Amino acid sequence: QVQLVESGGGLVQPGGSLRLSCAASGFTLAYSAIVWFRQAPGKEREGVSCISSSASSTYYADSVKGRFTISRDNAKNTVRLQMNGLKPEDTAVYYCATDLGGYCSGYGSPAGWRYWGQGTQVTVSS
């Protein structure tokens, strides 16, 4: 069955870096766009970044542009989110998701993304 497993979260000081990984199984990652969402306490889940199946298109929320980089390694069935210059407002549970399609259409909304990982906590605090 389709499975997504996030890892790499943790506690980091402001200005620090983390690299999140999303390990995929049960489907052909090379054919699928992957999106990262995050959800902070009391807030709605928001789209952070998305990468198309071919990696030819990447998208970022305005709040993370220039600080986060999404990439994929289909041979390792993994999508990564490199997060630099972390801020306290980046604190959230981060999720990866897919709908098994190849494009990032509507990546900003959780609706339509059928398969989700369990999430990994990122805390940015001094």
# chains A, B, ... in the order shown; residues from 1 in each chain; ligands from 1
>>> residues_around(residues="Ser7 in chain A", least_positions_apart="6", cutoff="8 Å", atoms="only C-alpha atoms", output="ChimeraX atom specification")
/A:20-22,119-120
>>> residues_around(residues="range 2-4 of chain A", least_positions_apart="3", cutoff="9 Å", atoms="only C-alpha atoms", output="MDAnalysis selection string")
chainID A and resid 22:27 96:98 115:118
>>> residues_around(residues="Arg67 in chain A", least_positions_apart="4", cutoff="12 Å", atoms="only C-alpha atoms", output="JSON, numbers by chain")
{"A": [15, 16, 17, 18, 19, 48, 49, 60, 61, 62, 63, 81, 82, 83, 84, 85, 86, 87, 90]}
>>> write_last_selection(atoms="C-alpha atoms", output="compact mmCIF listing (two decimals), in the first residue's frame")
# COMPACT_ATOMS: atom_id res chain seq x y z
CA GLY A 15 18.94 30.60 12.02
CA GLY A 16 19.72 26.91 12.02
CA SER A 17 19.05 24.22 9.45
CA LEU A 18 17.25 20.92 9.20
CA ARG A 19 16.76 18.47 6.36
CA VAL A 48 5.05 24.71 2.03
CA SER A 49 6.61 23.29 -1.11
CA TYR A 60 7.36 27.36 -2.54
CA ALA A 61 5.14 29.30 -0.20
CA ASP A 62 6.18 32.96 -0.01
CA SER A 63 7.05 32.50 3.64
CA LEU A 81 13.17 19.43 2.16
CA GLN A 82 16.29 21.38 3.08
CA MET A 83 15.36 24.12 5.51
CA ASN A 84 17.86 26.90 6.18
CA GLY A 85 17.54 30.13 8.10
CA LEU A 86 14.84 28.66 10.29
CA LYS A 87 12.60 31.00 12.22
CA ASP A 90 8.52 27.68 11.07
>>> atom_distance(atom1="CA of Thr91 in chain A", atom2="CA of Gly112 in chain A")
24.4 Å
>>> select_by_dssp(residues="chain A", states="strand (DSSP E or B)", output="PyMOL selection string")
chain A and resi 3-7+10-12+18-25+34-39+46-51+58-60+68-73+78-83+92-98+115-116+120-124
>>> closest_residue(among="A:Gln1, A:Ser54, A:Gln13, A:Thr69", to="Val124 in chain A", atoms="only C-alpha atoms")
A:Gln13
>>> atom_distance(atom1="CA of Cys104 in chain A", atom2="CA of Gly9 in chain A")
23.6 Å
>>> select_by_dssp(residues="range 32-126 of chain A", states="helix (DSSP H, G or I)", output="ChimeraX atom specification")
/A:74-76,88-90
>>> write_last_selection(atoms="all heavy atoms", output="compact mmCIF listing (two decimals), in the first residue's frame")
# COMPACT_ATOMS: atom_id res chain seq x y z
N ASN A 74 14.68 9.80 -6.96
CA ASN A 74 13.78 8.69 -7.27
C ASN A 74 14.44 7.33 -7.07
O ASN A 74 13.77 6.36 -6.71
CB ASN A 74 13.25 8.83 -8.70
CG ASN A 74 12.33 10.03 -8.86
OD1 ASN A 74 11.70 10.48 -7.91
ND2 ASN A 74 12.27 10.55 -10.07
N ALA A 75 15.73 7.27 -7.29
CA ALA A 75 16.43 5.99 -7.11
C ALA A 75 16.38 5.54 -5.66
O ALA A 75 16.40 4.34 -5.37
CB ALA A 75 17.88 6.14 -7.57
N LYS A 76 16.31 6.50 -4.75
CA LYS A 76 16.23 6.18 -3.32
C LYS A 76 14.82 6.33 -2.77
O LYS A 76 14.61 6.24 -1.56
CB LYS A 76 17.19 7.07 -2.54
CG LYS A 76 18.66 6.83 -2.87
CD LYS A 76 19.58 7.67 -2.00
CE LYS A 76 21.03 7.36 -2.31
NZ LYS A 76 21.96 8.15 -1.47
N PRO A 88 11.35 30.99 14.31
CA PRO A 88 10.37 30.41 15.25
C PRO A 88 9.01 30.16 14.59
O PRO A 88 8.34 29.18 14.94
CB PRO A 88 10.28 31.49 16.33
CG PRO A 88 11.62 32.13 16.34
CD PRO A 88 12.04 32.16 14.89
N GLU A 89 8.64 30.97 13.64
CA GLU A 89 7.35 30.77 12.97
C GLU A 89 7.34 29.57 12.03
O GLU A 89 6.29 29.22 11.49
CB GLU A 89 6.94 32.03 12.20
CG GLU A 89 7.99 32.59 11.27
CD GLU A 89 8.79 33.72 11.91
OE1 GLU A 89 9.17 33.59 13.10
OE2 GLU A 89 9.04 34.71 11.20
N ASP A 90 8.48 28.93 11.83
CA ASP A 90 8.52 27.68 11.07
C ASP A 90 8.17 26.48 11.93
O ASP A 90 8.04 25.36 11.42
CB ASP A 90 9.91 27.46 10.46
CG ASP A 90 10.27 28.50 9.42
OD1 ASP A 90 9.40 28.85 8.60
OD2 ASP A 90 11.43 28.97 9.43
>>> closest_residue(among="A:Tyr95, A:Phe37, A:Tyr107, A:Tyr31", to="Ser53 in chain A", atoms="only C-alpha atoms")
A:Tyr31
>>> closest_residue(among="A:Val5, A:Val93, A:Leu29, A:Ala40", to="Ala55 in chain A", atoms="only C-alpha atoms")
A:Leu29
>>> decode(residues="range 88-123 of chain A", atoms="N, CA and C atoms", output="PDB file, in the first residue's frame")
ATOM      1  N   PRO A  88      11.354  30.990  14.311  1.00  0.00           N
ATOM      2  CA  PRO A  88      10.367  30.412  15.247  1.00  0.00           C
ATOM      3  C   PRO A  88       9.013  30.159  14.588  1.00  0.00           C
ATOM      4  N   GLU A  89       8.643  30.967  13.640  1.00  0.00           N
ATOM      5  CA  GLU A  89       7.354  30.773  12.966  1.00  0.00           C
ATOM      6  C   GLU A  89       7.336  29.568  12.032  1.00  0.00           C
ATOM      7  N   ASP A  90       8.480  28.928  11.833  1.00  0.00           N
ATOM      8  CA  ASP A  90       8.520  27.683  11.066  1.00  0.00           C
ATOM      9  C   ASP A  90       8.166  26.479  11.934  1.00  0.00           C
ATOM     10  N   THR A  91       8.020  26.698  13.227  1.00  0.00           N
ATOM     11  CA  THR A  91       7.668  25.609  14.133  1.00  0.00           C
ATOM     12  C   THR A  91       6.311  25.028  13.760  1.00  0.00           C
ATOM     13  N   ALA A  92       6.293  23.715  13.531  1.00  0.00           N
ATOM     14  CA  ALA A  92       5.074  23.033  13.084  1.00  0.00           C
ATOM     15  C   ALA A  92       5.359  21.553  12.949  1.00  0.00           C
ATOM     16  N   VAL A  93       4.300  20.799  12.752  1.00  0.00           N
ATOM     17  CA  VAL A  93       4.454  19.422  12.293  1.00  0.00           C
ATOM     18  C   VAL A  93       4.462  19.468  10.769  1.00  0.00           C
ATOM     19  N   TYR A  94       5.456  18.831  10.182  1.00  0.00           N
ATOM     20  CA  TYR A  94       5.620  18.816   8.735  1.00  0.00           C
ATOM     21  C   TYR A  94       5.196  17.461   8.182  1.00  0.00           C
ATOM     22  N   TYR A  95       4.400  17.509   7.130  1.00  0.00           N
ATOM     23  CA  TYR A  95       3.874  16.314   6.495  1.00  0.00           C
ATOM     24  C   TYR A  95       4.235  16.303   5.010  1.00  0.00           C
ATOM     25  N   CYS A  96       4.486  15.124   4.465  1.00  0.00           N
ATOM     26  CA  CYS A  96       4.555  15.007   3.018  1.00  0.00           C
ATOM     27  C   CYS A  96       3.307  14.265   2.545  1.00  0.00           C
ATOM     28  N   ALA A  97       2.940  14.541   1.322  1.00  0.00           N
ATOM     29  CA  ALA A  97       1.703  13.976   0.783  1.00  0.00           C
ATOM     30  C   ALA A  97       1.816  13.816  -0.718  1.00  0.00           C
ATOM     31  N   THR A  98       0.953  12.946  -1.261  1.00  0.00           N
ATOM     32  CA  THR A  98       0.889  12.755  -2.697  1.00  0.00           C
ATOM     33  C   THR A  98      -0.531  12.365  -3.084  1.00  0.00           C
ATOM     34  N   ASP A  99      -0.874  12.644  -4.340  1.00  0.00           N
ATOM     35  CA  ASP A  99      -2.130  12.134  -4.888  1.00  0.00           C
ATOM     36  C   ASP A  99      -1.848  11.173  -6.037  1.00  0.00           C
ATOM     37  N   LEU A 100      -0.566  10.810  -6.188  1.00  0.00           N
ATOM     38  CA  LEU A 100      -0.067   9.891  -7.213  1.00  0.00           C
ATOM     39  C   LEU A 100      -0.080  10.491  -8.613  1.00  0.00           C
ATOM     40  N   GLY A 101      -0.479  11.745  -8.722  1.00  0.00           N
ATOM     41  CA  GLY A 101      -0.377  12.432  -9.995  1.00  0.00           C
ATOM     42  C   GLY A 101       0.989  13.075 -10.135  1.00  0.00           C
ATOM     43  N   GLY A 102       1.296  13.552 -11.343  1.00  0.00           N
ATOM     44  CA  GLY A 102       2.631  14.062 -11.592  1.00  0.00           C
ATOM     45  C   GLY A 102       2.808  15.553 -11.387  1.00  0.00           C
ATOM     46  N   TYR A 103       1.733  16.259 -11.091  1.00  0.00           N
ATOM     47  CA  TYR A 103       1.802  17.714 -11.048  1.00  0.00           C
ATOM     48  C   TYR A 103       1.435  18.263  -9.684  1.00  0.00           C
ATOM     49  N   CYS A 104       1.828  19.525  -9.488  1.00  0.00           N
ATOM     50  CA  CYS A 104       1.613  20.179  -8.203  1.00  0.00           C
ATOM     51  C   CYS A 104       0.377  21.068  -8.179  1.00  0.00           C
ATOM     52  N   SER A 105      -0.539  20.832  -9.048  1.00  0.00           N
ATOM     53  CA  SER A 105      -1.738  21.668  -9.097  1.00  0.00           C
ATOM     54  C   SER A 105      -2.427  21.685  -7.742  1.00  0.00           C
ATOM     55  N   GLY A 106      -2.744  22.894  -7.278  1.00  0.00           N
ATOM     56  CA  GLY A 106      -3.448  23.016  -6.016  1.00  0.00           C
ATOM     57  C   GLY A 106      -2.622  22.608  -4.817  1.00  0.00           C
ATOM     58  N   TYR A 107      -1.280  22.765  -4.921  1.00  0.00           N
ATOM     59  CA  TYR A 107      -0.426  22.274  -3.838  1.00  0.00           C
ATOM     60  C   TYR A 107      -0.634  23.038  -2.550  1.00  0.00           C
ATOM     61  N   GLY A 108      -1.217  24.238  -2.627  1.00  0.00           N
ATOM     62  CA  GLY A 108      -1.364  25.037  -1.422  1.00  0.00           C
ATOM     63  C   GLY A 108      -2.461  24.560  -0.492  1.00  0.00           C
ATOM     64  N   SER A 109      -3.342  23.712  -0.990  1.00  0.00           N
ATOM     65  CA  SER A 109      -4.472  23.249  -0.196  1.00  0.00           C
ATOM     66  C   SER A 109      -4.340  21.760   0.082  1.00  0.00           C
ATOM     67  N   PRO A 110      -4.683  21.349   1.312  1.00  0.00           N
ATOM     68  CA  PRO A 110      -4.613  19.921   1.632  1.00  0.00           C
ATOM     69  C   PRO A 110      -5.615  19.070   0.848  1.00  0.00           C
ATOM     70  N   ALA A 111      -6.693  19.711   0.374  1.00  0.00           N
ATOM     71  CA  ALA A 111      -7.731  18.964  -0.331  1.00  0.00           C
ATOM     72  C   ALA A 111      -7.153  18.336  -1.592  1.00  0.00           C
ATOM     73  N   GLY A 112      -7.481  17.119  -1.827  1.00  0.00           N
ATOM     74  CA  GLY A 112      -7.058  16.436  -3.045  1.00  0.00           C
ATOM     75  C   GLY A 112      -5.774  15.657  -2.907  1.00  0.00           C
ATOM     76  N   TRP A 113      -5.043  15.880  -1.821  1.00  0.00           N
ATOM     77  CA  TRP A 113      -3.827  15.095  -1.583  1.00  0.00           C
ATOM     78  C   TRP A 113      -4.235  13.907  -0.732  1.00  0.00           C
ATOM     79  N   ARG A 114      -4.281  12.750  -1.353  1.00  0.00           N
ATOM     80  CA  ARG A 114      -4.953  11.602  -0.755  1.00  0.00           C
ATOM     81  C   ARG A 114      -4.116  10.870   0.282  1.00  0.00           C
ATOM     82  N   TYR A 115      -2.817  10.794   0.036  1.00  0.00           N
ATOM     83  CA  TYR A 115      -1.960   9.977   0.895  1.00  0.00           C
ATOM     84  C   TYR A 115      -1.014  10.877   1.685  1.00  0.00           C
ATOM     85  N   TRP A 116      -0.935  10.602   2.991  1.00  0.00           N
ATOM     86  CA  TRP A 116      -0.167  11.447   3.897  1.00  0.00           C
ATOM     87  C   TRP A 116       0.753  10.604   4.768  1.00  0.00           C
ATOM     88  N   GLY A 117       1.858  11.204   5.145  1.00  0.00           N
ATOM     89  CA  GLY A 117       2.694  10.598   6.165  1.00  0.00           C
ATOM     90  C   GLY A 117       2.177  10.968   7.541  1.00  0.00           C
ATOM     91  N   GLN A 118       2.886  10.502   8.555  1.00  0.00           N
ATOM     92  CA  GLN A 118       2.444  10.719   9.932  1.00  0.00           C
ATOM     93  C   GLN A 118       2.929  12.049  10.492  1.00  0.00           C
ATOM     94  N   GLY A 119       3.877  12.670   9.808  1.00  0.00           N
ATOM     95  CA  GLY A 119       4.380  13.963  10.231  1.00  0.00           C
ATOM     96  C   GLY A 119       5.632  13.879  11.075  1.00  0.00           C
ATOM     97  N   THR A 120       6.414  14.956  11.045  1.00  0.00           N
ATOM     98  CA  THR A 120       7.605  15.076  11.881  1.00  0.00           C
ATOM     99  C   THR A 120       7.620  16.481  12.473  1.00  0.00           C
ATOM    100  N   GLN A 121       7.922  16.551  13.761  1.00  0.00           N
ATOM    101  CA  GLN A 121       7.863  17.833  14.467  1.00  0.00           C
ATOM    102  C   GLN A 121       9.144  18.632  14.228  1.00  0.00           C
ATOM    103  N   VAL A 122       8.962  19.889  13.877  1.00  0.00           N
ATOM    104  CA  VAL A 122      10.067  20.835  13.769  1.00  0.00           C
ATOM    105  C   VAL A 122       9.806  21.956  14.768  1.00  0.00           C
ATOM    106  N   THR A 123      10.771  22.164  15.652  1.00  0.00           N
ATOM    107  CA  THR A 123      10.651  23.218  16.647  1.00  0.00           C
ATOM    108  C   THR A 123      11.856  24.140  16.541  1.00  0.00           C
TER     109      THR A 123
END
